[in-house]
Amino acid sequence: MKQEVIASFLEAMPLPSVLVDQTERFIGANRLGLDLLGGQIMGRHFATILRQPSVTGAIEKCLEDRTNRAAKHLSNDGAQDTTYEVSLRYVDGIGAVEGGAVLITFTDVTEREQANQMRRDFVANVSHELRTPLTALMGFIETLRGAARDDPNARDRFLSIMEGEASRMNRLVGDLLSLNRVESKERIRPKEEMDLVAHLTSTLKTMQPLAESGNVTLNFTPPEDPVMIIGDADQLLQVFINLVENAIKYGGDQVEMTVELLERDPSLRSAAVRVQVSDNGPGIDPIHLPRLTERFYRADSHRSREMGGTGLGLAIVKHIVNRHRGRLKVESELGTGTCFSVILPLS
């Protein structure tokens with residue numbers, strides 16, 4: 001009867017849970033515990049299943065002195081590495097000759113660990129991006145105070161470089177603030193209706209001077225009828241300016257924008273509009289495509305920095321498109337150019 005009570009108690013636990021008694025063998029487990037550790041663990045020694053020293057050591061100590069303990073268990077669910085916090089509590093009066101047993105519960109903290117790692121990576125990336133221009137500025141300041149103090153030509157050249165580095169830091173801070181604003185609103189869907197075609201036409205007019213300075217031709221044949229969507233005009237302006245600017249800077253001498261109405265887009269499962277920005281440039285190696293929208297990821301870091309890129313533009317684009325319940329797709333092959341597609345639901 002007692003074993004039935006133990007089994008019912010374990011099954012009521014909302015976390016993967018197992019019991020190890022003084023024989024150092026598993027005497028109970030709930031369904032979640034069996035899913036995590038395997039269906040054939042009953043009666044087996046815990047060290048043959050939980051082979052991580054931090055966990056096995058904690059179980060041995062808990063069996064010995066009956067004090068609460070904690071450990072960390074690393075596993076893999078078939079798709080990714082997982083991390084569990086392991087809690088150990090001693091329970092009197094059960095197990096072999098009612099000598100007591102250790103209740104072991106597993107709490108999945110994988111998402112928390114991933115979030116912490118993302119935060120650490122983000123701080124490290126921001127620090128790196130700021131350290132480079134700051135180091136340059138400090139070096140030039142020291143030079144201007146010393147050897148170049150009375151050299152007007154060197155002074156003008158150094159001041160010009162310093163202005164560029166300061167502008168780079170200013171762009172980075174601006175993009176960080178923009179990314180923060182976009183992320184804070186990502187779950188709030190826009191409510192205003194807007195004409196996407198008029199918006200795109202205005203965007204290309206804004207980008208025309210940059211295209212002319214780079215000897216790039218912008219091609220756009222807008223639909224005759226308005227295309228109405230629910231969207232945030234300022235954010236969508238940011239999306240298409242970013243995509244067109246990237247095409248001008250990193251593409252060839254031709255940038256084309258197209259607008260296509262879709263009766264039903266499979267990914268959105270509704271009527272949609274697809275805006276494509278394509279160029280005839282050198283293209284992007286397919287190995288980079290899955291990571292293009294990661295923060296600070298650059299397919300060509302040297303060229304991106306030379307062009308004044310912060311590495312945050314496509315991350316901002318992705319979050320804005322997500323807020324509009326849309327999809328962002330990238331297609332590219334080396335030597336054949338790149339095509340960015342933004343698919344948005346029609347209002």
# chains A, B, ... in the order shown; residues from 1 in each chain; ligands from 1
call {"tool": "residues_around", "arguments": {"residues": "region 318-328 of chain A", "least_positions_apart": "4", "cutoff": "6 Å", "atoms": "only C-alpha atoms", "output": "list in words"}}
result
Glu186, Arg189, Ser341, Val342, Ile343 and Leu344 of chain A
call {"tool": "write_last_selection", "arguments": {"atoms": "all heavy atoms", "output": "CSV table (one decimal), in the first residue's frame"}}
result
chain,number,residue,atom,x,y,z
A,186,GLU,N,7.3,44.7,-29.6
A,186,GLU,CA,7.2,43.6,-30.5
A,186,GLU,C,5.8,42.8,-30.4
A,186,GLU,O,5.3,42.3,-31.3
A,186,GLU,CB,8.3,42.6,-30.4
A,186,GLU,CG,8.4,41.5,-31.5
A,186,GLU,CD,9.7,40.8,-31.5
A,186,GLU,OE1,10.6,41.1,-30.8
A,186,GLU,OE2,9.7,39.8,-32.3
A,189,ARG,N,0.6,44.7,-31.5
A,189,ARG,CA,0.4,44.8,-32.9
A,189,ARG,C,-0.1,46.2,-33.3
A,189,ARG,O,-0.9,46.8,-32.6
A,189,ARG,CB,-0.7,43.8,-33.4
A,189,ARG,CG,-0.8,43.6,-34.9
A,189,ARG,CD,-1.6,42.4,-35.2
A,189,ARG,NE,-1.6,42.2,-36.7
A,189,ARG,CZ,-2.2,41.2,-37.3
A,189,ARG,NH1,-2.9,40.4,-36.6
A,189,ARG,NH2,-2.1,41.1,-38.6
A,341,SER,N,13.0,39.5,-49.0
A,341,SER,CA,11.6,39.5,-49.2
A,341,SER,C,10.9,39.8,-47.8
A,341,SER,O,11.2,39.1,-46.8
A,341,SER,CB,11.1,38.2,-49.7
A,341,SER,OG,11.6,37.9,-51.0
A,342,VAL,N,10.0,40.8,-47.8
A,342,VAL,CA,9.2,41.1,-46.6
A,342,VAL,C,7.8,40.8,-47.0
A,342,VAL,O,7.2,41.4,-47.9
A,342,VAL,CB,9.4,42.6,-46.2
A,342,VAL,CG1,8.5,42.9,-45.0
A,342,VAL,CG2,10.8,42.9,-45.9
A,343,ILE,N,7.2,39.9,-46.3
A,343,ILE,CA,5.8,39.4,-46.5
A,343,ILE,C,4.9,39.9,-45.4
A,343,ILE,O,5.2,39.6,-44.2
A,343,ILE,CB,5.7,37.9,-46.7
A,343,ILE,CG1,6.7,37.4,-47.8
A,343,ILE,CG2,4.3,37.5,-47.0
A,343,ILE,CD1,6.9,35.9,-47.9
A,344,LEU,N,3.9,40.7,-45.7
A,344,LEU,CA,3.1,41.3,-44.7
A,344,LEU,C,1.6,41.0,-45.0
A,344,LEU,O,1.2,40.9,-46.1
A,344,LEU,CB,3.3,42.8,-44.7
A,344,LEU,CG,4.7,43.4,-44.4
A,344,LEU,CD1,4.7,44.9,-44.7
A,344,LEU,CD2,5.0,43.1,-42.9
call {"tool": "select_by_dssp", "arguments": {"residues": "region 40-283 of chain A", "states": "strand (DSSP E or B)", "output": "ChimeraX atom specification"}}
result
/A:45,69-76,81-91,101-108,193-195,217-220,228-230,254-265,270-279
call {"tool": "residues_around", "arguments": {"residues": "Leu268 (chain A)", "least_positions_apart": "2", "cutoff": "8 Å", "atoms": "only C-alpha atoms", "output": "PDB file with N, CA, C and O atoms, in the first residue's frame"}}
result
ATOM      1  N   ARG A 264      -3.010  34.009 -51.067  1.00  0.00           N
ATOM      2  CA  ARG A 264      -2.840  33.316 -49.787  1.00  0.00           C
ATOM      3  C   ARG A 264      -1.377  32.918 -49.644  1.00  0.00           C
ATOM      4  O   ARG A 264      -0.855  32.161 -50.452  1.00  0.00           O
ATOM      5  N   ASP A 265      -0.747  33.471 -48.624  1.00  0.00           N
ATOM      6  CA  ASP A 265       0.637  33.102 -48.360  1.00  0.00           C
ATOM      7  C   ASP A 265       0.656  31.916 -47.400  1.00  0.00           C
ATOM      8  O   ASP A 265       0.027  31.969 -46.329  1.00  0.00           O
ATOM      9  N   PRO A 266       1.361  30.822 -47.739  1.00  0.00           N
ATOM     10  CA  PRO A 266       1.353  29.622 -46.878  1.00  0.00           C
ATOM     11  C   PRO A 266       1.859  29.884 -45.463  1.00  0.00           C
ATOM     12  O   PRO A 266       1.337  29.336 -44.498  1.00  0.00           O
ATOM     13  N   SER A 270      -2.904  33.598 -44.996  1.00  0.00           N
ATOM     14  CA  SER A 270      -3.865  34.666 -45.290  1.00  0.00           C
ATOM     15  C   SER A 270      -3.384  35.416 -46.526  1.00  0.00           C
ATOM     16  O   SER A 270      -2.286  35.186 -47.020  1.00  0.00           O
ATOM     17  N   ALA A 271      -4.248  36.328 -47.036  1.00  0.00           N
ATOM     18  CA  ALA A 271      -3.838  37.190 -48.128  1.00  0.00           C
ATOM     19  C   ALA A 271      -2.696  38.090 -47.652  1.00  0.00           C
ATOM     20  O   ALA A 271      -2.675  38.528 -46.503  1.00  0.00           O
ATOM     21  N   ALA A 272      -1.737  38.329 -48.552  1.00  0.00           N
ATOM     22  CA  ALA A 272      -0.545  39.069 -48.127  1.00  0.00           C
ATOM     23  C   ALA A 272       0.024  39.865 -49.288  1.00  0.00           C
ATOM     24  O   ALA A 272      -0.399  39.733 -50.437  1.00  0.00           O
ATOM     25  N   ARG A 325       3.511  40.736 -37.705  1.00  0.00           N
ATOM     26  CA  ARG A 325       3.056  39.355 -37.976  1.00  0.00           C
ATOM     27  C   ARG A 325       3.435  38.933 -39.393  1.00  0.00           C
ATOM     28  O   ARG A 325       2.698  38.212 -40.071  1.00  0.00           O
ATOM     29  N   GLY A 326       4.589  39.442 -39.847  1.00  0.00           N
ATOM     30  CA  GLY A 326       5.047  39.126 -41.198  1.00  0.00           C
ATOM     31  C   GLY A 326       6.204  38.152 -41.196  1.00  0.00           C
ATOM     32  O   GLY A 326       6.541  37.544 -40.177  1.00  0.00           O
ATOM     33  N   ARG A 327       6.827  38.001 -42.357  1.00  0.00           N
ATOM     34  CA  ARG A 327       7.968  37.100 -42.516  1.00  0.00           C
ATOM     35  C   ARG A 327       9.067  37.808 -43.296  1.00  0.00           C
ATOM     36  O   ARG A 327       8.793  38.580 -44.223  1.00  0.00           O
ATOM     37  N   PRO A 345       0.834  40.739 -43.925  1.00  0.00           N
ATOM     38  CA  PRO A 345      -0.595  40.456 -44.153  1.00  0.00           C
ATOM     39  C   PRO A 345      -1.335  41.697 -44.628  1.00  0.00           C
ATOM     40  O   PRO A 345      -1.060  42.814 -44.173  1.00  0.00           O
TER      41      PRO A 345
END
call {"tool": "atom_distance", "arguments": {"atom1": "CA of Thr336 (chain A)", "atom2": "CA of Leu237 (chain A)"}}
result
26.8 Å
call {"tool": "closest_residue", "arguments": {"among": "A:Arg168, A:Asp81, A:Met162, A:Gly281", "to": "Thr110 (chain A)", "atoms": "only C-alpha atoms"}}
result
A:Asp81
call {"tool": "residues_around", "arguments": {"residues": "Gln238 (chain A)", "least_positions_apart": "4", "cutoff": "8 Å", "atoms": "only C-alpha atoms", "output": "VMD selection string"}}
result
chain A and resid 234 242 317
call {"tool": "select_by_dssp", "arguments": {"residues": "region 7-192 of chain A", "states": "helix (DSSP H, G or I)", "output": "MDAnalysis selection string"}}
result
chainID A and resid 7:12 31:37 46:49 53:65 96:98 110:145 152:185
call {"tool": "closest_residue", "arguments": {"among": "A:Val55, A:Phe26, A:Glu142, A:Asp121", "to": "Glu294 (chain A)", "atoms": "only C-alpha atoms"}}
result
A:Asp121
